[in-house]
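Q: After the structure tokens below, expect a handful of questions from me.
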Amino acid sequence: MSETPFKSGYVAILGRPNVGKSTLLNSFLGTKVAIVTDKPQTTRHRIVGVKHLDNAQIVFLDTPGIHKEKFELNRYMNEVAFSVIPDADIILFLIDARAGLTEADRKILDRIGETKRKETKVFVVINKIDGVPKEELLPLIEEINEKYPFVDEIIPISAARGTNLDRLLDLIVENLPEGPKYYEENMVTDMPLEQYVAEIIREKIMLLTSQEIPHAVTVNVVSIEPGDKNPDMLVIDADIIVERPSQKAIIIGKNGQKLKKIGTLARQELEQILGKKVYLRLWVKVKEDWRDRADYLRRLGYGF
């Protein structure tokens with residue numbers, strides 16, 4: 001009796017902003033790898049998340065939401081998203097059930113069809129189905145089937161509630177090629193600690209601010225060092241970068257209260273995740289037009 005072959009491969013998660021890509025990744029992994037907010041363009045980098053199963057290893061590639069390009073930063077984010085298509089074994093293209101198949105969705109699906117490898121499987125994942133009546137899903141599924149013959153599966157889910165995720169996971173494993181383990185068993189992501197810390201801080205800023213602030217802010221972790229008196233403590237210095245003095249004032253808040261709350265929430269989550277005491281020092285700095293300067297974006301890790 002032959003052994004069940006081990007499967008592995010790369011599964012790219014694509015879609016417009018706010019369709020639930022990072023929520024889906026975190027739900028699959030059972031832990032928080034990608035930050036999640038209700039603001040568009042929360043994810044700015046490609047994020048690797050590894051799902052370990054007895055018979056398979058799934059390497060998920062979460063990507064920024066594909067959107068209109070206003071700044072160099074937006075161009076970079078779209079470039080990151082589209083760059084995973086040729087390497088993927090399976091593409092999960094997420095759409096929002098409440099919005100249906102938008103014109104932007106159609107353009108992205110067309111590009112996927114044009115640039116994917118012949119053997120790459122494409123699943124259209126209709127997310128947030130808890131927000132629409134079931135009878136509205138059937139015309140949407142029929143439209144996708146009719147217009148996009150390269151789509152292999154159409155799966156309605158709710159990533160936030162876990163609805164139909166087991167079925168989606170089974171389909172992914174069924175369609176993966178045979179392959180080796182690319183990552184060690186204890187590895188869930190290859191994200192550097194500095195990037196992870198920066199993302200957690202940025203998430204708290206996005207949750208506590210509105211209007212232009214979430215899009216105009218980034219975080220640069222300057223250093224992570226053990227404490228002088230307590231080696232088990234991490235001392236983290238990070239710069240919060242904004243574009244204008246008015247944005248700096250908003251983030252600092254009256255008597256520094258907003259910045260203090262951002263720091264407290266970020267520190268508490270980092271301590272819980274890292275299992276260590278954290279001393280977090282934040283500075284807010286103004287760098288005019290940082291989103292539109294390729295040289296500065298490179299220094300901030302946006303990697304052109």
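Letters A, B, ... go to the chains of the structure tokens in the order shown; residues in each chain start at 1; ligands are counted from 1 in the same order.
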Would you return as a ChimeraX atom specification the members of segment 64-93 of chain A that DSSP assigns to helix (DSSP H, G or I) on this structure's backbone?

A: /A:72-83,85-87

Q: Could you turn the residues from that selection into a file that holds C-alpha atoms, as an mmCIF file, in the first residue's frame?

A:
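Heads up, here's the output in again.cif:
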data_model
loop_
_atom_site.group_PDB
_atom_site.id
_atom_site.type_symbol
_atom_site.label_atom_id
_atom_site.label_comp_id
_atom_site.auth_asym_id
_atom_site.auth_seq_id
_atom_site.Cartn_x
_atom_site.Cartn_y
_atom_site.Cartn_z
ATOM 1 C CA GLU A 72 4.671 55.854 -6.024
ATOM 2 C CA LEU A 73 3.648 53.873 -2.954
ATOM 3 C CA ASN A 74 0.410 52.800 -4.678
ATOM 4 C CA ARG A 75 2.339 51.733 -7.762
ATOM 5 C CA TYR A 76 4.641 49.634 -5.592
ATOM 6 C CA MET A 77 1.706 47.974 -3.829
ATOM 7 C CA ASN A 78 0.017 47.023 -7.107
ATOM 8 C CA GLU A 79 3.335 45.777 -8.464
ATOM 9 C CA VAL A 80 3.748 43.539 -5.417
ATOM 10 C CA ALA A 81 0.238 42.122 -5.845
ATOM 11 C CA PHE A 82 0.563 41.322 -9.551
ATOM 12 C CA SER A 83 4.109 39.939 -9.176
ATOM 13 C CA ILE A 85 0.680 35.602 -10.225
ATOM 14 C CA PRO A 86 3.361 33.820 -12.321
ATOM 15 C CA ASP A 87 4.760 31.948 -9.293
#

Q: Need to verify the contact set: Glu225 of chain A, 12 Å, only C-alpha atoms, exclusion of same-chain residues closer than 2 positions in sequence. Can you return it as a list of chain:residue names?

A: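 Counting only the stated atoms, we get A:Leu193, A:Glu194, A:Val221, A:Val222, A:Ser223, A:Gly227, A:Asp228, A:Lys229, A:Asn230, A:Pro231, A:Asp232, A:Met233, A:Leu234, A:Val235, A:Ile236, A:Asp237, A:Ala238, A:Lys277, A:Val278, A:Tyr279, A:Leu280, A:Arg281.
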
Q: Can you write just those residues out, C-alpha atoms, as a PDB file, in the first residue's frame?

A:
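Result went into again.pdb, see below:
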ATOM      1  CA  LEU A 193      10.757  41.085  13.422  1.00  0.00           C
ATOM      2  CA  GLU A 194      11.313  44.755  12.565  1.00  0.00           C
ATOM      3  CA  VAL A 221      11.608  50.517  13.406  1.00  0.00           C
ATOM      4  CA  VAL A 222      15.010  52.020  14.175  1.00  0.00           C
ATOM      5  CA  SER A 223      16.249  49.398  16.655  1.00  0.00           C
ATOM      6  CA  GLY A 227      17.214  45.871  27.966  1.00  0.00           C
ATOM      7  CA  ASP A 228      20.367  46.918  29.835  1.00  0.00           C
ATOM      8  CA  LYS A 229      19.107  45.763  33.235  1.00  0.00           C
ATOM      9  CA  ASN A 230      16.691  43.103  32.007  1.00  0.00           C
ATOM     10  CA  PRO A 231      17.931  41.035  29.031  1.00  0.00           C
ATOM     11  CA  ASP A 232      14.473  39.448  28.731  1.00  0.00           C
ATOM     12  CA  MET A 233      12.984  42.862  27.940  1.00  0.00           C
ATOM     13  CA  LEU A 234      12.980  44.270  24.419  1.00  0.00           C
ATOM     14  CA  VAL A 235      13.625  47.979  23.970  1.00  0.00           C
ATOM     15  CA  ILE A 236      12.098  49.110  20.683  1.00  0.00           C
ATOM     16  CA  ASP A 237      12.651  52.522  19.082  1.00  0.00           C
ATOM     17  CA  ALA A 238      10.383  53.395  16.166  1.00  0.00           C
ATOM     18  CA  LYS A 277       8.219  42.647  28.286  1.00  0.00           C
ATOM     19  CA  VAL A 278       8.478  45.479  25.764  1.00  0.00           C
ATOM     20  CA  TYR A 279       9.632  49.052  26.305  1.00  0.00           C
ATOM     21  CA  LEU A 280       8.363  50.944  23.256  1.00  0.00           C
ATOM     22  CA  ARG A 281       9.588  54.432  22.388  1.00  0.00           C
TER      23      ARG A 281
END

Q: Taking only C-alpha atoms into account, name the residue in A:Gly9, A:Pro139, A:Pro180, A:Gly65 that is nearest to Ile108 of chain A.

A: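 That would be A:Gly65, the residue with the smallest distance to Ile108 of chain A.
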
Q: Report as a ChimeraX atom specification all protein, DNA and RNA residues lying within 9 Å of Ile47 of chain A, evaluated on only C-alpha atoms, omitting residues in the same chain fewer than 2 positions from it.

A: /A:33-34,43-45,49,60-64,189-191

Q: Can you write out the residues you just picked, keeping all heavy atoms, as a short mmCIF file (atom, residue, chain, number, x, y, z; two decimals), in the first residue's frame?

A:
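That gives us selection.cif:
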data_model
loop_
_atom_site.label_atom_id
_atom_site.label_comp_id
_atom_site.auth_asym_id
_atom_site.auth_seq_id
_atom_site.Cartn_x
_atom_site.Cartn_y
_atom_site.Cartn_z
N VAL A 33 -0.93 37.06 11.55
CA VAL A 33 0.29 37.35 10.80
C VAL A 33 0.14 38.69 10.08
O VAL A 33 1.06 39.50 10.06
CB VAL A 33 0.59 36.22 9.80
CG1 VAL A 33 1.69 36.63 8.83
CG2 VAL A 33 1.00 34.95 10.54
N ALA A 34 -1.02 38.92 9.50
CA ALA A 34 -1.29 40.16 8.78
C ALA A 34 -2.19 41.07 9.61
O ALA A 34 -3.15 40.60 10.22
CB ALA A 34 -1.96 39.86 7.44
N THR A 43 -2.79 46.44 4.00
CA THR A 43 -1.61 45.63 3.65
C THR A 43 -0.80 46.35 2.59
O THR A 43 -1.33 46.74 1.55
CB THR A 43 -2.04 44.24 3.14
OG1 THR A 43 -2.78 43.58 4.15
CG2 THR A 43 -0.82 43.41 2.76
N ARG A 44 0.51 46.50 2.83
CA ARG A 44 1.37 47.20 1.88
C ARG A 44 2.48 46.32 1.32
O ARG A 44 3.15 46.71 0.36
CB ARG A 44 1.99 48.43 2.56
CG ARG A 44 0.99 49.54 2.79
CD ARG A 44 1.64 50.70 3.50
NE ARG A 44 0.71 51.83 3.66
CZ ARG A 44 0.96 52.90 4.39
NH1 ARG A 44 2.12 52.99 5.06
NH2 ARG A 44 0.08 53.87 4.50
N HIS A 45 2.73 45.18 1.94
CA HIS A 45 3.78 44.28 1.49
C HIS A 45 3.19 42.91 1.16
O HIS A 45 2.08 42.58 1.58
CB HIS A 45 4.84 44.10 2.59
CG HIS A 45 5.47 45.36 3.05
ND1 HIS A 45 6.56 45.92 2.42
CD2 HIS A 45 5.18 46.19 4.09
CE1 HIS A 45 6.92 47.03 3.05
NE2 HIS A 45 6.09 47.21 4.06
N GLY A 49 2.52 33.45 4.82
CA GLY A 49 1.97 32.70 5.95
C GLY A 49 1.97 31.22 5.61
O GLY A 49 1.51 30.83 4.54
N PHE A 60 0.96 30.54 1.86
CA PHE A 60 0.07 31.60 1.42
C PHE A 60 0.85 32.89 1.18
O PHE A 60 1.77 33.23 1.94
CB PHE A 60 -1.01 31.87 2.48
CG PHE A 60 -2.03 30.78 2.61
CD1 PHE A 60 -2.00 29.90 3.68
CD2 PHE A 60 -3.03 30.63 1.66
CE1 PHE A 60 -2.93 28.90 3.81
CE2 PHE A 60 -3.98 29.63 1.78
CZ PHE A 60 -3.93 28.75 2.86
N LEU A 61 0.48 33.61 0.13
CA LEU A 61 1.07 34.90 -0.18
C LEU A 61 -0.04 35.95 -0.15
O LEU A 61 -0.80 36.08 -1.11
CB LEU A 61 1.74 34.87 -1.56
CG LEU A 61 2.78 33.77 -1.80
CD1 LEU A 61 3.24 33.77 -3.25
CD2 LEU A 61 3.97 33.92 -0.86
N ASP A 62 -0.15 36.65 0.98
CA ASP A 62 -1.13 37.73 1.08
C ASP A 62 -0.56 38.96 0.40
O ASP A 62 0.64 39.26 0.51
CB ASP A 62 -1.42 38.01 2.56
CG ASP A 62 -2.54 39.02 2.75
OD1 ASP A 62 -3.36 39.17 1.82
OD2 ASP A 62 -2.60 39.64 3.83
N THR A 63 -1.40 39.69 -0.32
CA THR A 63 -0.92 40.81 -1.13
C THR A 63 -1.71 42.09 -0.85
O THR A 63 -2.85 42.03 -0.36
CB THR A 63 -1.03 40.49 -2.63
OG1 THR A 63 -2.41 40.25 -2.96
CG2 THR A 63 -0.20 39.27 -2.98
N PRO A 64 -1.14 43.25 -1.17
CA PRO A 64 -1.90 44.50 -1.02
C PRO A 64 -3.13 44.51 -1.92
O PRO A 64 -3.14 43.89 -2.99
CB PRO A 64 -0.89 45.58 -1.47
CG PRO A 64 0.45 44.95 -1.32
CD PRO A 64 0.25 43.49 -1.60
N THR A 189 5.64 32.44 9.48
CA THR A 189 5.89 33.53 8.53
C THR A 189 7.39 33.79 8.48
O THR A 189 8.12 33.48 9.43
CB THR A 189 5.15 34.81 8.93
OG1 THR A 189 5.37 35.82 7.93
CG2 THR A 189 5.61 35.34 10.28
N ASP A 190 7.83 34.35 7.36
CA ASP A 190 9.24 34.73 7.25
C ASP A 190 9.44 36.22 7.44
O ASP A 190 10.50 36.77 7.14
CB ASP A 190 9.81 34.28 5.90
CG ASP A 190 9.16 34.98 4.71
OD1 ASP A 190 8.19 35.74 4.91
OD2 ASP A 190 9.61 34.77 3.57
N MET A 191 8.40 36.88 7.93
CA MET A 191 8.47 38.33 8.11
C MET A 191 9.53 38.70 9.15
O MET A 191 9.52 38.16 10.27
CB MET A 191 7.11 38.88 8.56
CG MET A 191 7.02 40.40 8.54
SD MET A 191 5.46 41.02 9.26
CE MET A 191 4.25 40.16 8.27
#

Q: Could you state the separation of atom CA of Ser8 of chain A and atom CA of Gln57 of chain A in Å, given to one decimal place?

A: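 Distance between the two atoms: 4.7 Å.
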
Q: Residues of segment 139-247 of chain A within 9 Å of segment 127-133 of chain A: nearest atom pair and distance (Å, one decimal) for each, counting only C-alpha atoms, sorted by chain and number, as JSON lines?

A:
{"residue": "A:Ile155", "atom": "CA", "partner": "A:Asn127", "partner_atom": "CA", "distance": 8.4}
{"residue": "A:Pro156", "atom": "CA", "partner": "A:Asn127", "partner_atom": "CA", "distance": 6.0}
{"residue": "A:Ile157", "atom": "CA", "partner": "A:Asn127", "partner_atom": "CA", "distance": 4.9}
{"residue": "A:Ser158", "atom": "CA", "partner": "A:Lys128", "partner_atom": "CA", "distance": 4.7}
{"residue": "A:Ala159", "atom": "CA", "partner": "A:Asn127", "partner_atom": "CA", "distance": 6.6}
{"residue": "A:Ala160", "atom": "CA", "partner": "A:Lys128", "partner_atom": "CA", "distance": 7.7}
{"residue": "A:Arg161", "atom": "CA", "partner": "A:Asp130", "partner_atom": "CA", "distance": 8.5}
{"residue": "A:Thr163", "atom": "CA", "partner": "A:Ile129", "partner_atom": "CA", "distance": 8.7}

Q: Export, as a PDB file, in the first residue's frame, the selected residues with C-alpha atoms.

A:
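What follows is the written file part_0.pdb:
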ATOM      1  CA  ILE A 155     -16.409  29.155  -3.303  1.00  0.00           C
ATOM      2  CA  PRO A 156     -18.693  31.342  -1.144  1.00  0.00           C
ATOM      3  CA  ILE A 157     -17.233  31.911   2.348  1.00  0.00           C
ATOM      4  CA  SER A 158     -17.173  34.165   5.370  1.00  0.00           C
ATOM      5  CA  ALA A 159     -13.542  34.527   6.441  1.00  0.00           C
ATOM      6  CA  ALA A 160     -14.494  36.387   9.620  1.00  0.00           C
ATOM      7  CA  ARG A 161     -17.000  33.739  10.741  1.00  0.00           C
ATOM      8  CA  THR A 163     -18.008  29.701   7.078  1.00  0.00           C
TER       9      THR A 163
END

Q: Out of A:Asn26, A:Gln41, A:Asn55, A:Thr264, which residue has the shortest atom-to-atom distance to Pro5 of chain A when counting only C-alpha atoms?

A: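 Closest residue, counting only C-alpha atoms: A:Asn55.
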
Q: Just the residues within 10 Å of Asp105 of chain A, please, counting only C-alpha atoms, with nothing from its chain fewer than 4 positions along; format it as number ranges by chain.

A: A: 15-16, 66, 93-96, 100-101, 109-111

Q: Quote the spacing between atom CA of Thr23 of chain A and atom CA of Gly162 of chain A in Å to one decimal place.

A: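 If I compute the distance from atom CA of Thr23 of chain A to atom CA of Gly162 of chain A, I get 10.0 Å.
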
Q: Rank A:Arg106, A:Ser27, A:Lys287, A:Pro245 by their smallest atom-to-atom distance to Leu168 of chain A, using only C-alpha atoms, and report the top residue only.

A: A:Ser27

Q: Where in segment 18-209 of chain A does DSSP assign strand (DSSP E), given as number ranges by chain?

A: A: 47-52, 56-62, 90-96, 121-127, 153-156
